[in-house]
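Below: entry-v5.txt (compact mmCIF, C-alpha atoms)
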# COMPACT_ATOMS: atom_id res chain seq x y z
CA MET A 1 -0.58 -21.77 5.49
CA ASN A 2 0.43 -25.21 6.77
CA GLY A 3 1.32 -27.71 4.07
CA LEU A 4 1.90 -25.07 1.39
CA CYS A 5 5.28 -24.46 -0.20
CA ASN A 6 6.61 -20.95 -0.80
CA GLU A 7 5.80 -21.11 -4.51
CA GLU A 8 2.17 -21.99 -3.81
CA VAL A 9 1.89 -19.18 -1.29
CA ASN A 10 3.47 -16.70 -3.71
CA ASN A 11 1.11 -17.76 -6.50
CA ALA A 12 -1.88 -17.44 -4.18
CA VAL A 13 -0.79 -13.96 -3.09
CA LEU A 14 -0.23 -12.93 -6.72
CA GLN A 15 -3.69 -14.13 -7.75
CA PHE A 16 -5.23 -12.36 -4.78
CA ALA A 17 -3.28 -9.20 -5.60
CA ASN A 18 -4.59 -9.19 -9.17
CA LEU A 19 -8.15 -9.75 -7.94
CA ALA A 20 -7.86 -7.02 -5.31
CA LYS A 21 -6.40 -4.57 -7.82
CA ARG A 22 -9.29 -5.16 -10.23
CA THR A 23 -11.86 -4.71 -7.47
CA PHE A 24 -10.19 -1.48 -6.36
CA GLU A 25 -10.21 -0.10 -9.88
CA ASN A 26 -13.91 -0.85 -10.35
CA GLY A 27 -14.89 0.43 -6.90
CA SER A 28 -15.73 -2.88 -5.18
CA PHE A 29 -12.55 -3.40 -3.14
CA PHE A 30 -14.28 -3.04 0.22
CA LYS A 31 -16.83 -5.67 -0.83
CA LEU A 32 -13.96 -8.11 -1.34
CA TYR A 33 -12.56 -7.16 2.07
CA LYS A 34 -15.99 -7.68 3.65
CA ILE A 35 -16.43 -11.13 2.07
CA ILE A 36 -13.00 -12.34 3.17
CA PHE A 37 -13.39 -11.15 6.76
CA ALA A 38 -16.89 -12.63 6.95
CA TYR A 39 -15.34 -15.95 5.91
CA LEU A 40 -12.62 -15.59 8.55
CA ARG A 41 -15.23 -14.98 11.23
CA GLU A 42 -17.00 -18.18 10.24
CA THR A 43 -13.86 -20.30 10.24
CA GLU A 44 -11.63 -18.74 12.92
CA GLU A 45 -12.27 -18.49 16.64
CA ASP A 46 -9.47 -16.00 17.21
CA MET A 47 -9.88 -12.77 15.22
CA THR A 48 -6.91 -10.99 16.76
CA ILE A 49 -3.76 -10.28 14.78
CA LYS A 50 -2.08 -13.06 16.77
CA ASN A 51 -3.94 -15.49 14.51
CA PRO A 52 -1.68 -16.19 11.47
CA ALA A 53 -4.67 -16.39 9.13
CA VAL A 54 -5.85 -12.93 10.17
CA SER A 55 -2.41 -11.30 10.17
CA PHE A 56 -1.57 -12.88 6.80
CA THR A 57 -4.81 -11.56 5.29
CA ILE A 58 -4.17 -8.05 6.57
CA ALA A 59 -0.56 -8.13 5.39
CA THR A 60 -1.72 -9.28 1.95
CA PHE A 61 -4.24 -6.44 1.71
CA GLU A 62 -1.52 -3.97 2.66
CA HIS A 63 0.88 -5.49 0.13
CA VAL A 64 -1.73 -5.19 -2.61
CA LEU A 65 -2.76 -1.63 -1.81
CA THR A 66 0.72 -0.19 -1.39
CA GLY A 67 2.32 -2.13 -4.21
CA ALA A 68 -0.28 -2.60 -6.90
CA THR A 69 -2.66 0.38 -6.80
CA GLU A 70 -2.17 4.07 -7.35
CA CYS A 71 -4.23 7.23 -7.17
CA PRO A 72 -5.80 7.96 -10.58
CA ASN A 73 -5.28 11.71 -10.06
CA CYS A 74 -1.62 12.01 -9.07
CA ARG A 75 -0.38 8.43 -9.77
CA MET A 76 1.07 8.19 -6.25
CA ARG A 77 0.86 4.88 -4.38
CA TYR A 78 -1.94 4.59 -1.87
CA GLN A 79 -1.14 4.31 1.83
CA PHE A 80 -2.76 1.59 3.96
CA ARG A 81 -3.76 1.71 7.61
CA HIS A 82 -5.33 -1.07 9.67
CA SER A 83 -7.12 -0.72 13.00
CA ILE A 84 -8.74 -3.14 15.44
CA SER A 85 -11.19 -2.36 18.24
CA ASP A 86 -11.21 -3.76 21.76
CA LYS A 87 -13.87 -6.21 20.54
CA ASP A 88 -11.66 -7.42 17.68
CA TRP A 89 -13.55 -5.64 14.92
CA HIS A 90 -11.26 -4.73 12.05
CA GLY A 91 -11.17 -1.60 9.94
CA ILE A 92 -8.99 -0.33 7.13
CA GLU A 93 -8.19 3.06 5.69
CA ILE A 94 -6.75 3.74 2.25
CA HIS A 95 -5.50 7.23 1.59
CA CYS A 96 -3.51 9.30 -0.86
CA GLU A 97 -1.11 11.65 0.91
CA CYS A 98 -0.78 13.82 -2.18
CA CYS A 99 -4.47 14.37 -3.02
CA GLY A 100 -5.86 13.95 0.50
CA ASP A 101 -8.44 11.30 -0.42
CA HIS A 102 -9.38 8.94 2.44
CA PHE A 103 -11.44 5.74 1.97
CA ASN A 104 -12.51 3.86 5.10
CA TYR A 105 -14.30 0.63 5.88
CA SER A 106 -15.55 -0.39 9.33
CA GLU A 107 -16.23 -4.10 9.77
CA GLU A 108 -18.28 -3.46 12.92
CA LYS A 109 -20.60 -0.91 11.31
CA GLU A 110 -20.33 -2.42 7.82
CA THR A 111 -19.97 1.06 6.40
CA GLU A 112 -17.81 2.60 3.72
CA THR A 113 -16.94 6.28 4.06
CA TYR A 114 -14.97 8.80 2.06
CA TYR A 115 -13.60 12.24 2.77
CA ASN A 116 -10.86 14.48 1.46
CA ILE A 117 -8.68 15.91 4.23
CA ASN A 118 -7.83 19.01 2.17
CA VAL A 119 -11.54 19.68 1.64
CA MET A 120 -12.24 19.26 5.37
CA ASN A 121 -9.39 21.63 6.27
CA LYS A 122 -10.71 24.22 3.83
CA ILE A 123 -14.20 23.96 5.33
CA ALA A 124 -12.74 24.43 8.82
CA SER A 125 -10.84 27.48 7.59
CA TYR A 126 -13.99 29.10 6.20
CA ASN A 127 -15.99 28.29 9.33
CA ARG A 128 -13.44 30.10 11.49
CA ARG A 129 -14.45 33.30 9.69
CA ARG A 130 -18.16 32.64 10.13
CA LYS A 131 -19.30 36.22 9.58
CA SER A 132 -22.15 35.80 7.15
CA LEU A 133 -22.10 32.14 6.12
CA ARG A 134 -21.14 28.80 7.61
CA ILE A 135 -20.57 25.35 6.13
CA LYS A 136 -21.96 22.03 7.29
CA THR A 137 -21.32 18.63 5.72
CA PHE A 138 -23.39 15.56 5.00
CA ARG A 139 -22.88 12.24 3.29
CA GLY A 140 -25.17 11.12 0.56
CA ASP A 141 -25.45 9.53 -2.85
CA LEU A 142 -27.59 12.36 -4.15
CA PHE A 143 -26.52 13.95 -7.39
CA HIS A 144 -26.25 17.48 -6.03
CA LYS A 145 -23.03 18.50 -4.32
CA ALA A 146 -24.18 21.57 -2.44
CA LYS A 147 -27.23 23.46 -1.26
CA LEU A 148 -27.72 26.80 0.47
CA VAL A 149 -30.22 26.82 3.34
CA TRP A 150 -31.57 29.66 5.48
CA GLU A 151 -32.39 28.38 8.96
CA GLY A 152 -34.58 31.02 10.58
CA ASP A 153 -32.63 34.01 11.87
CA ASP A 154 -29.38 32.08 12.12
CA LEU A 155 -26.53 32.37 9.65
CA PRO A 156 -27.30 30.78 6.27
CA VAL A 157 -25.71 27.35 5.87
CA LEU A 158 -23.90 25.97 2.86
CA TRP A 159 -24.40 22.19 3.02
CA LEU A 160 -21.70 20.22 1.18
CA ASN A 161 -22.00 16.57 0.22
CA ILE A 162 -18.49 15.36 1.09
CA ASN A 163 -19.06 12.13 -0.82
CA ASN A 164 -19.17 14.20 -4.00
CA VAL A 165 -17.12 17.32 -3.19
CA ARG A 166 -13.57 16.07 -3.55
CA LYS A 167 -11.50 19.14 -4.41
CA VAL A 168 -10.64 22.34 -2.57
CA ASP A 169 -11.44 24.31 -5.74
CA GLU A 170 -15.03 23.10 -5.52
CA VAL A 171 -15.35 24.28 -1.91
CA GLU A 172 -13.97 27.70 -2.86
CA ALA A 173 -16.33 27.98 -5.84
CA PHE A 174 -19.42 27.05 -3.80
CA TRP A 175 -18.35 29.39 -0.98
CA HIS A 176 -17.95 32.44 -3.24
CA GLN A 177 -21.13 31.65 -5.17
CA CYS A 178 -23.14 31.38 -1.95
CA LYS A 179 -21.51 34.50 -0.47
CA LYS A 180 -22.76 36.47 -3.47
CA GLU A 181 -26.25 35.00 -3.04
CA VAL A 182 -26.25 35.88 0.67
CA GLN A 183 -25.10 39.43 -0.05
CA LYS A 184 -27.79 39.80 -2.72
CA ARG A 185 -30.46 38.55 -0.34
CA ASN A 186 -29.25 40.86 2.45
CA ARG A 187 -29.42 43.87 0.11
CA LEU A 188 -32.98 42.99 -0.85
CA ARG A 189 -33.94 42.60 2.80
CA ARG A 190 -32.48 46.00 3.68
CA MET A 191 -34.36 47.58 0.78
CA LEU A 192 -37.61 46.05 1.98
CA LEU A 193 -37.01 47.24 5.54
CA ASP A 194 -36.17 50.75 4.33
CA ASN A 195 -39.34 50.85 2.24
CA MET A 196 -41.40 49.74 5.22
CA LYS A 197 -39.93 52.57 7.32
CA THR A 198 -40.57 55.24 4.67
CA PRO A 199 -43.99 56.94 5.17
CA MET A 200 -46.34 56.48 2.27
CA ALA A 201 -47.03 59.63 0.28
CA GLN A 202 -50.36 61.29 1.16
This structure in structure tokens:
Amino acid sequence: MNGLCNEEVNNAVLQFANLAKRTFENGSFFKLYKIIFAYLRETEEDMTIKNPAVSFTIATFEHVLTGATECPNCRMRYQFRHSISDKDWHGIEIHCECCGDHFNYSEEKETETYYNINVMNKIASYNRRRKSLRIKTFRGDLFHKAKLVWEGDDLPVLWLNINNVRKVDEVEAFWHQCKKEVQKRNRLRRMLLDNMKTPMAQ
């Protein structure tokens, strides 16, 4: 920031804030983050937060996220969390404490991930019961949100796409729907077994 007056810095931050807000609203915020950090890696030898360019960039991202963006569901401000690995790879997390939505980007893995903490807690709650059905999760861009799979003689598994299942109500609906399907299938299996045990009429 050497050679820049406060007004120039403020204008630059404001322009960046507007750009970041637009990219967040259209779903490309992490792409902007990736581009900026790729540029920093090309121009800076020191990628620790001791480097003013790096710390300023992170602080600006945090300022934008906590001050200029809000959750479209509850209108609460997003929370921002930054992390750095022992090899100086940076990552950020954006989350809504009210709705439980978490968006993450890992610079090292170049991956974007999403999960809803309330959904994950609900899944864990159902799995503790684990009497006739269990839940597993996967990440995917497929259209379907859930699928019920029988894996041999093990308990049937409800697979949930946590990229698409974002509400506890959805987990509950899929769980009860699959429970009914499992119960129906178990009844049919018992009927078949009973018929096999019954001697055929002479």
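Put simply, atom CA of A:Cys178 is 8.2 Å away from atom CA of A:Leu133.
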Residues near A:Ile84, cut-off 9 Å, only C-alpha atoms, skip fewer than 5 positions along chain, as a PDB file with C-alpha atoms, in the coordinates of the input:
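The resulting part_18.pdb:
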ATOM      1  CA  THR A  48      -6.910 -10.990  16.760  1.00  0.00           C
ATOM      2  CA  ILE A  49      -3.760 -10.280  14.780  1.00  0.00           C
ATOM      3  CA  TRP A  89     -13.550  -5.640  14.920  1.00  0.00           C
ATOM      4  CA  HIS A  90     -11.260  -4.730  12.050  1.00  0.00           C
ATOM      5  CA  GLY A  91     -11.170  -1.600   9.940  1.00  0.00           C
ATOM      6  CA  ILE A  92      -8.990  -0.330   7.130  1.00  0.00           C
TER       7      ILE A  92
END
**Study point:** Separation of atom CA of A:Ala68 from atom CA of A:Glu42 in Å
**Key:** 28.6 Å
Practice item. Grab the atom CA of A:Lys197 to atom CA of A:Arg185 distance for me, in Å with one decimal place. Key: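 Atom CA of A:Lys197 sits 18.6 Å away from atom CA of A:Arg185.
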Review point. Neighbours of A:Phe61 within 10 Å (all atoms listed in the file; same-chain residues fewer than 3 positions away dropped), as a list in words?
Key: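 These residues fall inside the cut-off: Val13, Phe16, Ala17, Ala20, Lys21, Tyr33, Ser55, Phe56, Thr57, Ile58, Val64, Leu65, Thr66, Gly67, Phe80, His82 and Ile92 of chain A.
Each of A:Cys71, A:Ala38, A:Leu193, A:Leu158 was compared to A:Trp175 using only C-alpha atoms, and A:Leu158 turns out to be the nearest.
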Review point. Looking at A:Ser132, A:Glu112, A:Cys99, A:Lys145, which one is nearest to A:Ser28, with distances taken over all atoms listed in the file?
Key: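 Smallest distance to A:Ser28 is found for A:Glu112.
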Point to revise | Distance criterion (all atoms listed in the file): nearest to A:Met120 out of A:Met76, A:Cys96, A:Leu160, A:Leu148 | key: A:Leu160
Centre and edges of the stretch 171-181 of chain A box, axis-aligned, 8 Å extra per side, as AutoDock Vina command-line options:
--center_x -20.1 --center_y 30.4 --center_z -3.2 --size_x 28.3 --size_y 28.2 --size_z 21.4
Point to revise | Minimum-distance residue to A:Glu107, chosen among A:Lys179, A:His144, A:Arg139, A:Lys34 (using all atoms listed in the file) | key: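 When distances to A:Glu107 are compared using all atoms listed in the file, the smallest one comes from A:Lys34.
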Review point. Once you count all atoms listed in the file, which residues end up no further than 12 Å from (-20.4, 32.8, -1.7) in the file's frame, shown as a PyMOL selection string?
Key: chain A and resi 126+131-135+146-148+156-158+170-185
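If you measure from each of A:Thr113, A:Asn118, A:Asn161, A:Gln15 to A:Phe30 using all atoms listed in the file, the closest one turns out to be A:Thr113.
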Check your understanding: Can you find the residues with an atom no farther than 8 Å from (-17.9, 15.9, 7.1), counting all atoms listed in the file, and report them as JSON, numbers by chain?
Key -> {"A": [115, 120, 136, 137, 138, 139, 162]}
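If you measure from each of A:Asn186, A:Asn121, A:Thr69, A:Ser83 to A:Gly100 using all atoms listed in the file, the closest one turns out to be A:Asn121.
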Missing atoms in stretch 101-119 of chain A should be modelled up to N, CA and C atoms and reported as a CSV table (one decimal), in the frame of the given file.
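Result saved to rebuild_23.csv:
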chain,number,residue,atom,x,y,z
A,101,ASP,N,-7.3,12.2,-0.4
A,101,ASP,CA,-8.4,11.3,-0.4
A,101,ASP,C,-8.3,10.2,0.6
A,102,HIS,N,-9.4,10.0,1.4
A,102,HIS,CA,-9.4,8.9,2.4
A,102,HIS,C,-10.6,8.0,2.2
A,103,PHE,N,-10.4,6.7,2.1
A,103,PHE,CA,-11.4,5.7,2.0
A,103,PHE,C,-11.4,4.8,3.2
A,104,ASN,N,-12.5,4.7,3.9
A,104,ASN,CA,-12.5,3.9,5.1
A,104,ASN,C,-13.6,2.8,5.0
A,105,TYR,N,-13.3,1.7,5.7
A,105,TYR,CA,-14.3,0.6,5.9
A,105,TYR,C,-14.3,0.1,7.3
A,106,SER,N,-15.4,0.1,8.0
A,106,SER,CA,-15.6,-0.4,9.3
A,106,SER,C,-16.3,-1.7,9.3
A,107,GLU,N,-15.6,-2.8,9.8
A,107,GLU,CA,-16.2,-4.1,9.8
A,107,GLU,C,-17.4,-4.1,10.8
A,108,GLU,N,-17.2,-3.5,11.9
A,108,GLU,CA,-18.3,-3.5,12.9
A,108,GLU,C,-19.6,-2.8,12.4
A,109,LYS,N,-19.4,-1.6,11.8
A,109,LYS,CA,-20.6,-0.9,11.3
A,109,LYS,C,-21.0,-1.3,9.9
A,110,GLU,N,-20.1,-2.0,9.2
A,110,GLU,CA,-20.3,-2.4,7.8
A,110,GLU,C,-20.6,-1.2,6.9
A,111,THR,N,-19.8,-0.2,7.1
A,111,THR,CA,-20.0,1.1,6.4
A,111,THR,C,-18.7,1.5,5.7
A,112,GLU,N,-18.9,2.0,4.5
A,112,GLU,CA,-17.8,2.6,3.7
A,112,GLU,C,-18.0,4.1,3.8
A,113,THR,N,-16.9,4.8,4.0
A,113,THR,CA,-16.9,6.3,4.1
A,113,THR,C,-15.8,6.9,3.3
A,114,TYR,N,-16.0,8.1,2.8
A,114,TYR,CA,-15.0,8.8,2.1
A,114,TYR,C,-14.9,10.2,2.6
A,115,TYR,N,-13.7,10.8,2.6
A,115,TYR,CA,-13.6,12.2,2.8
A,115,TYR,C,-12.2,12.7,2.2
A,116,ASN,N,-12.1,13.9,1.9
A,116,ASN,CA,-10.9,14.5,1.5
A,116,ASN,C,-10.4,15.4,2.5
A,117,ILE,N,-9.2,15.1,3.1
A,117,ILE,CA,-8.7,15.9,4.2
A,117,ILE,C,-8.4,17.4,3.9
A,118,ASN,N,-8.1,17.6,2.6
A,118,ASN,CA,-7.8,19.0,2.2
A,118,ASN,C,-9.2,19.8,2.1
A,119,VAL,N,-10.2,19.1,1.7
A,119,VAL,CA,-11.5,19.7,1.6
A,119,VAL,C,-12.0,20.0,3.1
